[in-house]
>>> print(open('model.txt').read())   # compact mmCIF, C-alpha atoms
# COMPACT_ATOMS: atom_id res chain seq x y z
CA MET G 1 -10.99 -15.14 -16.60
CA TYR G 2 -13.82 -12.88 -15.62
CA GLY G 3 -12.14 -12.16 -12.31
CA THR G 4 -8.89 -10.95 -13.88
CA GLN G 5 -10.78 -8.82 -16.34
CA ASN G 6 -12.68 -7.21 -13.51
CA ILE G 7 -9.45 -6.44 -11.64
CA ASN G 8 -7.91 -4.94 -14.75
CA MET G 9 -10.93 -2.73 -15.22
CA THR G 10 -10.82 -1.40 -11.69
CA THR G 11 -7.08 -0.87 -12.02
CA GLU G 12 -7.77 1.26 -15.05
CA ILE G 13 -10.39 3.27 -13.21
CA PHE G 14 -7.94 3.73 -10.36
CA ASN G 15 -5.21 4.93 -12.71
CA GLN G 16 -7.55 7.29 -14.50
CA THR G 17 -9.35 8.81 -11.52
CA ILE G 18 -7.11 8.54 -8.49
CA LEU G 19 -3.56 8.91 -9.75
CA PRO G 20 -4.25 12.27 -11.43
CA ILE G 21 -5.51 13.71 -8.14
CA THR G 22 -2.58 12.67 -5.95
CA ASP G 23 -1.38 16.27 -5.94
CA ARG G 24 -4.79 17.43 -4.79
CA LEU G 25 -4.84 14.82 -2.06
CA PHE G 26 -1.38 15.92 -1.00
CA ARG G 27 -2.33 19.62 -0.92
CA LEU G 28 -5.40 18.88 1.19
CA SER G 29 -3.42 16.81 3.68
CA LYS G 30 -0.79 19.52 3.85
CA SER G 31 -3.47 22.13 4.41
CA ILE G 32 -4.96 20.18 7.30
CA LEU G 33 -1.78 18.80 8.90
CA LYS G 34 0.37 21.86 8.15
CA ASP G 35 3.42 19.63 7.91
CA GLU G 36 4.95 18.48 4.65
CA GLU G 37 6.43 15.19 5.90
CA ARG G 38 3.26 14.11 7.66
CA ALA G 39 1.29 15.14 4.60
CA LYS G 40 3.43 12.84 2.45
CA ASP G 41 2.95 9.93 4.84
CA ALA G 42 -0.78 10.58 4.84
CA LEU G 43 -0.79 10.58 1.05
CA GLN G 44 0.90 7.19 0.89
CA ASP G 45 -1.46 5.67 3.43
CA VAL G 46 -4.55 7.07 1.74
CA LEU G 47 -3.39 5.98 -1.73
CA THR G 48 -2.84 2.47 -0.37
CA LYS G 49 -6.32 2.50 1.18
CA LEU G 50 -7.82 3.73 -2.07
CA TRP G 51 -5.99 1.02 -3.98
CA GLU G 52 -7.37 -1.62 -1.66
CA LYS G 53 -10.85 -0.19 -2.14
CA ARG G 54 -10.55 0.14 -5.91
CA ALA G 55 -13.19 -2.54 -6.49
CA GLU G 56 -15.74 -0.50 -4.51
CA MET G 57 -14.81 2.59 -6.53
CA ASN G 58 -17.06 1.42 -9.37
CA HIS G 59 -20.09 2.22 -7.25
CA VAL G 60 -18.85 5.57 -5.98
CA HIS G 61 -20.69 8.46 -7.60
CA ASN G 62 -17.85 10.97 -7.36
CA PRO G 63 -14.48 9.23 -6.88
CA VAL G 64 -12.61 12.53 -6.54
CA ALA G 65 -14.82 13.80 -3.72
CA PHE G 66 -14.77 10.32 -2.19
CA SER G 67 -10.96 10.31 -2.16
CA LEU G 68 -10.70 13.82 -0.77
CA GLN G 69 -13.20 12.92 1.94
CA MET G 70 -11.12 9.88 2.84
CA MET G 71 -8.04 12.08 3.01
CA ARG G 72 -9.71 14.62 5.29
CA ASN G 73 -10.98 11.94 7.66
CA TYR G 74 -7.57 10.33 7.70
CA CYS G 75 -5.92 13.65 8.58
CA LEU G 76 -8.45 14.42 11.31
CA ASN G 77 -7.81 10.99 12.87
CA ASN G 78 -4.10 11.62 12.54
CA ILE G 79 -4.43 14.90 14.45
CA ARG G 80 -6.56 13.18 17.09
CA ASP G 81 -4.00 10.38 17.47
CA TYR G 82 -1.29 12.94 18.08
CA HIS G 83 -3.50 14.48 20.78
CA GLU G 84 -3.30 17.81 19.13
CA THR G 85 -5.66 20.45 20.28
CA GLU G 86 -6.91 22.80 17.63
CA GLU G 87 -3.80 24.52 16.50
CA ILE G 88 -3.40 28.11 17.53
CA SER G 89 -0.42 28.95 15.41
CA GLU G 90 1.19 32.20 16.34
CA ASP G 91 1.43 35.06 13.92
CA ILE G 92 4.67 35.04 12.02
CA VAL G 93 6.81 38.07 12.54
CA PHE G 94 5.57 40.71 10.24
CA ILE G 95 8.10 41.33 7.52
CA GLU G 96 8.62 44.93 6.65
CA ALA G 97 9.96 44.53 3.16
CA ASP G 98 12.04 47.56 2.43
CA SER G 99 12.82 51.07 3.53
CA HIS G 100 9.55 52.35 2.15
CA GLY G 101 7.57 49.98 4.35
CA LYS G 102 6.10 48.21 1.38
CA MET G 103 6.39 44.53 0.71
CA GLU G 104 6.93 42.51 -2.40
CA GLN G 105 4.25 40.31 -3.84
CA LYS G 106 6.23 37.16 -2.92
CA GLU G 107 6.42 38.10 0.72
CA ALA G 108 2.74 38.89 0.69
CA VAL G 109 2.04 35.32 -0.49
CA LYS G 110 4.00 33.91 2.45
CA ILE G 111 2.06 36.03 4.89
CA ILE G 112 -1.29 35.15 3.36
CA ILE G 113 -0.44 31.42 3.58
CA ASN G 114 0.09 32.06 7.28
CA PHE G 115 -3.30 33.81 7.48
CA ILE G 116 -4.91 30.72 6.00
CA GLU G 117 -3.04 28.43 8.37
CA GLN G 118 -4.42 30.35 11.32
CA LEU G 119 -8.01 29.58 10.38
CA PRO G 120 -9.81 26.75 12.22
CA GLU G 121 -9.47 23.44 10.35
CA LEU G 122 -12.97 23.41 8.90
CA GLN G 123 -12.75 26.93 7.49
CA ARG G 124 -9.25 26.24 6.25
CA THR G 125 -10.37 23.06 4.48
CA VAL G 126 -13.42 24.71 2.95
CA ILE G 127 -11.51 27.71 1.59
CA HIS G 128 -8.76 25.39 0.35
CA LEU G 129 -11.16 23.13 -1.51
CA ARG G 130 -12.96 26.09 -3.06
CA ASP G 131 -10.28 28.63 -3.83
CA VAL G 132 -7.30 26.35 -4.45
CA GLU G 133 -8.97 23.26 -5.87
CA GLY G 134 -11.98 24.99 -7.44
CA LEU G 135 -14.59 22.49 -6.25
CA GLU G 136 -18.37 23.02 -6.25
CA ILE G 137 -20.11 23.71 -2.94
CA LYS G 138 -21.92 20.40 -3.36
CA GLU G 139 -18.65 18.49 -3.57
CA ILE G 140 -17.19 20.30 -0.56
CA ALA G 141 -20.35 19.41 1.37
CA GLN G 142 -19.75 15.74 0.56
CA ILE G 143 -16.08 15.87 1.53
CA THR G 144 -16.69 17.64 4.83
CA SER G 145 -19.98 15.87 5.61
CA LEU G 146 -21.67 19.27 6.02
CA SER G 147 -24.81 20.70 4.46
CA GLU G 148 -24.26 22.97 1.49
CA ASN G 149 -25.51 25.87 3.57
CA ALA G 150 -22.99 25.15 6.31
CA VAL G 151 -20.24 25.02 3.69
CA THR G 152 -21.23 28.48 2.40
CA VAL G 153 -21.28 29.89 5.92
CA ASN G 154 -17.83 28.51 6.69
CA LEU G 155 -16.50 29.70 3.36
CA SER G 156 -17.67 33.27 3.85
CA ARG G 157 -16.31 33.32 7.40
CA ALA G 158 -12.95 32.14 6.17
CA ARG G 159 -12.83 34.65 3.34
CA GLN G 160 -13.92 37.54 5.55
CA GLN G 161 -11.40 36.62 8.22
CA ILE G 162 -8.64 36.76 5.63
CA ARG G 163 -10.02 39.97 4.13
CA LYS G 164 -9.75 41.67 7.51
CA LYS G 165 -6.08 40.75 7.72
CA LEU G 166 -5.42 41.59 4.07
CA ILE G 167 -6.33 45.19 4.64
CA THR G 168 -3.39 45.49 7.04
CA LEU G 169 -1.00 44.48 4.26
CA ASN G 170 0.78 47.26 2.51
CA ILE G 171 1.78 45.85 -0.83
CA LYS G 172 4.07 47.57 -3.25
CA THR G 173 2.90 48.06 -6.82
CA ALA G 174 4.71 45.73 -9.15
CA MET J 1 -10.24 50.04 -17.40
CA ASN J 2 -13.69 51.43 -17.93
CA VAL J 3 -16.07 52.30 -15.16
CA THR J 4 -18.59 49.53 -15.88
CA MET J 5 -15.84 46.94 -15.72
CA LYS J 6 -14.62 48.34 -12.42
CA THR J 7 -18.07 48.31 -10.87
CA THR J 8 -18.63 44.77 -12.11
CA ILE J 9 -15.40 43.60 -10.47
CA ALA J 10 -16.21 45.54 -7.30
CA THR J 11 -19.60 43.84 -7.09
CA LEU J 12 -18.08 40.41 -7.75
CA ILE J 13 -15.45 40.97 -5.05
CA GLU J 14 -18.16 41.80 -2.52
CA LYS J 15 -20.12 38.74 -3.57
CA TYR J 16 -16.94 36.68 -3.32
CA PHE J 17 -16.33 37.60 0.31
CA SER J 18 -19.90 36.68 1.26
CA ALA J 19 -19.40 33.34 -0.55
CA GLU J 20 -22.16 34.07 -3.05
CA THR J 21 -20.13 33.80 -6.24
CA THR J 22 -20.30 30.83 -8.58
CA LEU J 23 -17.17 29.13 -9.87
CA GLU J 24 -17.62 30.99 -13.18
CA GLU J 25 -17.81 34.36 -11.44
CA GLU J 26 -14.74 33.51 -9.41
CA GLN J 27 -12.96 32.74 -12.66
CA ILE J 28 -13.79 36.25 -13.89
CA ILE J 29 -12.22 37.71 -10.75
CA ARG J 30 -9.14 35.51 -11.21
CA ASN J 31 -8.78 36.54 -14.83
CA TYR J 32 -9.02 40.18 -13.83
CA PHE J 33 -6.30 39.84 -11.20
CA ALA J 34 -4.08 37.94 -13.62
CA SER J 35 -4.43 40.68 -16.26
CA GLY J 36 -1.91 43.08 -14.77
CA GLU J 37 -3.74 46.38 -14.70
CA ILE J 38 -5.06 46.35 -11.20
CA ASP J 39 -6.48 49.15 -9.17
CA LYS J 40 -4.07 50.02 -6.38
CA GLU J 41 -6.60 49.49 -3.61
CA TRP J 42 -7.11 45.93 -4.79
CA LEU J 43 -3.45 44.88 -4.66
CA PRO J 44 -3.97 42.82 -1.47
CA TYR J 45 -6.70 40.87 -3.29
CA LYS J 46 -4.33 40.19 -6.12
CA ALA J 47 -1.89 38.83 -3.53
CA LEU J 48 -4.67 36.61 -2.18
CA PHE J 49 -5.39 35.02 -5.57
CA ASP J 50 -1.66 34.72 -6.23
CA THR J 51 -1.44 32.80 -2.97
CA PHE J 52 -4.21 30.41 -4.01
CA ASN J 53 -2.40 29.82 -7.31
CA THR J 54 0.91 29.22 -5.54
CA ILE J 55 -0.63 26.67 -3.18
CA GLY J 56 -2.41 25.03 -6.10
CA GLU J 57 0.83 24.53 -8.00
CA GLU J 58 2.36 22.42 -5.28
CA LYS J 59 3.10 18.84 -6.32
CA SER J 60 3.56 15.65 -4.39
CA THR J 61 6.55 14.73 -6.58
CA PRO J 62 8.38 12.27 -4.32
CA SER J 63 5.23 10.24 -3.77
CA VAL J 64 4.24 9.92 -7.41
CA SER J 65 6.53 6.95 -8.02
CA PHE J 66 5.03 5.22 -5.03
CA MET J 67 1.80 4.08 -6.58
CA PRO J 68 2.89 2.37 -9.82
CA GLU J 69 5.51 0.42 -7.88
CA LYS J 70 2.95 -0.62 -5.31
CA ARG J 71 0.47 -1.48 -8.03
CA LYS J 72 3.01 -3.65 -9.81
CA LYS J 73 3.78 -5.58 -6.68
CA VAL J 74 0.16 -6.38 -5.97
CA SER J 75 -0.70 -7.42 -9.51
CA ILE J 76 2.34 -9.69 -9.79
CA PHE J 77 1.31 -11.37 -6.57
CA GLU J 78 -2.17 -11.95 -7.92
CA ASN J 79 -0.90 -13.35 -11.23
CA ARG J 80 1.52 -15.66 -9.45
CA LYS J 81 -1.09 -17.18 -7.18
CA TRP J 82 -1.33 -20.23 -9.42
CA ILE J 83 2.41 -20.67 -9.58
CA PHE J 84 2.53 -20.57 -5.80
CA ALA J 85 -0.22 -23.19 -5.61
CA ILE J 86 1.59 -25.49 -8.03
CA LYS J 87 4.83 -25.02 -6.12
CA ALA J 88 3.09 -25.90 -2.87
CA VAL J 89 1.55 -29.08 -4.29
CA ALA J 90 4.89 -30.10 -5.83
CA SER J 91 6.73 -29.64 -2.55
CA CYS J 92 4.07 -31.69 -0.73
CA ILE J 93 4.54 -34.58 -3.16
CA LEU J 94 8.29 -34.31 -2.82
CA ILE J 95 8.05 -34.41 0.98
CA VAL J 96 5.78 -37.48 0.86
CA LEU J 97 8.22 -39.27 -1.48
CA VAL J 98 11.23 -38.48 0.66
CA VAL J 99 9.45 -39.61 3.81
CA ALA J 100 8.37 -42.87 2.14
CA LEU J 101 11.92 -43.57 0.95
CA LEU J 102 13.42 -42.83 4.32
CA LYS J 103 10.85 -45.03 6.04
CA ASN J 104 11.62 -47.88 3.66
CA SER J 105 15.35 -47.75 4.20
CA TYR J 106 14.87 -47.41 7.95
CA GLU J 107 12.76 -50.58 7.95
CA ASP J 108 15.46 -52.33 5.92
CA TYR J 109 17.98 -51.22 8.46
CA THR J 110 15.95 -52.47 11.42
CA LEU J 111 15.29 -55.70 9.53
CA HIS J 112 19.02 -56.47 9.38
CA LYS J 113 19.79 -55.12 12.77
CA ASP J 114 19.49 -58.43 14.69
CA THR J 115 20.05 -62.05 13.73
CA TYR J 116 16.99 -63.75 12.51
CA ILE J 117 16.02 -66.71 10.46
CA VAL J 118 13.07 -67.50 8.28
CA MET J 119 11.46 -70.77 9.41
CA ASN J 120 8.78 -72.03 7.02
CA GLY J 121 8.30 -68.50 5.81
CA LYS J 122 8.06 -67.11 9.35
CA ARG J 123 10.54 -64.66 10.63
CA ILE J 124 12.13 -65.49 13.97
CA ASN J 125 13.97 -62.85 15.86
CA ASP J 126 14.85 -64.88 18.99
CA SER J 127 18.57 -65.44 18.47
CA GLU J 128 18.84 -68.43 20.91
CA LEU J 129 16.08 -70.21 19.12
CA ALA J 130 17.68 -69.31 15.82
CA VAL J 131 21.03 -70.76 16.82
CA LYS J 132 19.36 -73.89 18.13
CA TYR J 133 17.40 -74.28 14.93
CA ALA J 134 20.46 -73.67 12.82
CA ASN J 135 22.46 -76.29 14.79
CA GLU J 136 19.70 -78.81 14.34
CA GLN J 137 19.67 -78.21 10.64
CA LEU J 138 23.44 -78.41 10.43
CA ALA J 139 23.48 -81.65 12.44
CA LYS J 140 20.89 -83.14 10.12
CA SER J 141 22.88 -82.27 7.07
CA SER J 142 26.15 -83.54 8.60
CA GLN J 143 24.46 -86.84 9.44
CA LYS J 144 23.36 -87.07 5.84
CA ILE J 145 26.85 -86.34 4.68
CA LYS J 146 28.23 -89.03 7.04
CA LYS J 147 25.70 -91.47 5.62
CA GLY J 148 26.81 -90.57 2.15
CA LEU J 149 30.46 -90.86 3.09
CA SER J 150 29.98 -94.30 4.72
CA LYS J 151 29.15 -95.71 1.32
CA LEU J 152 32.55 -94.65 0.20
CA ASP J 153 34.05 -97.15 2.71
CA LYS J 154 33.03 -100.01 0.45
CA LEU J 155 34.82 -98.33 -2.42
CA GLU J 156 37.93 -98.08 -0.27
CA LYS J 157 37.79 -101.83 0.48
CA LEU J 158 37.41 -102.49 -3.22
CA GLN J 159 40.42 -100.36 -3.97
CA LYS J 160 42.57 -102.21 -1.37
CA LEU J 161 41.46 -105.54 -2.82
CA ASN J 162 42.30 -104.33 -6.26
CA GLN J 163 45.77 -103.26 -5.14
CA SER J 164 46.50 -106.57 -3.48
CA VAL J 165 45.43 -108.41 -6.63
CA LYS J 166 47.77 -106.23 -8.71
CA LYS J 167 50.77 -107.08 -6.40
CA LYS J 168 50.25 -110.76 -6.89
>>> encode(input="model.txt", output="structure tokens")
Amino acid sequence: MYGTQNINMTTEIFNQTILPITDRLFRLSKSILKDEERAKDALQDVLTKLWEKRAEMNHVHNPVAFSLQMMRNYCLNNIRDYHETEEISEDIVFIEADSHGKMEQKEAVKIIINFIEQLPELQRTVIHLRDVEGLEIKEIAQITSLSENAVTVNLSRARQQIRKKLITLNIKTA
Amino acid sequence: MNVTMKTTIATLIEKYFSAETTLEEEQIIRNYFASGEIDKEWLPYKALFDTFNTIGEEKSTPSVSFMPEKRKKVSIFENRKWIFAIKAVASCILIVLVVALLKNSYEDYTLHKDTYIVMNGKRINDSELAVKYANEQLAKSSQKIKKGLSKLDKLEKLQKLNQSVKKK
């Protein structure tokens, strides 16, 4: 009886903590792998792993950071298994929006996504976790296995790199 | 927008790019860029925060159904463990019974396969010996019958005598 109760409890914890962050896990895997299909596969595998480890989850201090860390490690292994060298994705062709040489907000978003994709994985992951997922530096440090200081350094490098490229954009006033 | 507000945002933006802002300060920047009235020179920054929002809205829709289904499967398996165990034990018993029955009938079959006799409670499979023994027994009984029949001879004589008496 006790055993079943224990399983039910961990199932509840799993449903309450892990299932609500599946979208976050997916976005992180997509950010790292830069491929929607592979990101979906990664999500399924990681969710299965998390389900199998649900009993251990009781002792995990921060299940969200724990899950995101598992996802990042999974994706890094995935990249390694595919023998991918650090991606040097080429610049997309610069879209000149209209006759006035100004681009719409929507197009700007596409281009900025490409800017982010061109960052090295670590910087990309750090800026994603902070600016998209709104995590604390401490949590990002746990996920990336870096010191908080190293996280801050990578974050500012990523942001400044994007800032440099942003200045070249000529966006039309809405 | 007043000047103080603008300088505040300008300072926060600088802090943001050196990764010195807290989450709360970053929220102030986000709120400002969502408000609509944005200084022209900051339009690219607005596009940046729009991009973060766009990425953050992405959902893993096709995979959402995956987990509950998976969860159901696993839990059913765990609940059915006992049923499986009972089924296994039941099939073992059934197999043992069937084997025992088959063995029994096979022994019956082999028992009747050849001629045999039971001599003083002992089974004899040697057919020659069996035939010999049977003949002996049959001879004995036929002798006894002959003995019995010989007594009938006297009766026959009596009958003849009786007939001759009747004629006279």
>>> closest_residue(input="model.txt", among="G:Gln69, G:Gln105, G:Asn114, G:Asn77", to="chain J", atoms="only C-alpha atoms")
G:Gln105
>>> residues_around(input="model.txt", residues="Phe52 of chain J", least_positions_apart="4", cutoff="8 Å", atoms="only C-alpha atoms", output="NGL selection string")
(:G and (131-132)) or (:J and (48 or 56))
>>> interface_residues(input="model.txt", of="chain J", to="chain G", cutoff="6 Å", atoms="all atoms listed in the file", output="ChimeraX atom specification")
/J:17-19,44,51-52,56,59-60
>>> axis_aligned_box(input="model.txt", around="segment 134-140 of chain J", padding_each_side="8 Å", output="lines of an AutoDock Vina configuration file")
center_x = 21.6
center_y = -78.4
center_z = 12.5
size_x = 19.8
size_y = 25.5
size_z = 20.7
>>> closest_residue(input="model.txt", among="G:Thr144, G:Lys34, G:Ile79, G:His59", to="Gln118 of chain G", atoms="all atoms listed in the file")
G:Lys34
>>> atom_distance(input="model.txt", atom1="atom CA of Trp42 of chain J", atom2="atom CA of Leu23 of chain J")
20.2 Å
>>> closest_residue(input="model.txt", among="G:Ile13, G:Cys75, G:Val64, G:Val46", to="Lys30 of chain G", atoms="only C-alpha atoms")
G:Cys75
>>> atom_distance(input="model.txt", atom1="atom CA of Ile32 of chain G", atom2="atom CA of Val126 of chain G")
10.5 Å
>>> atom_distance(input="model.txt", atom1="atom CA of Lys40 of chain J", atom2="atom CA of Val3 of chain J")
15.0 Å
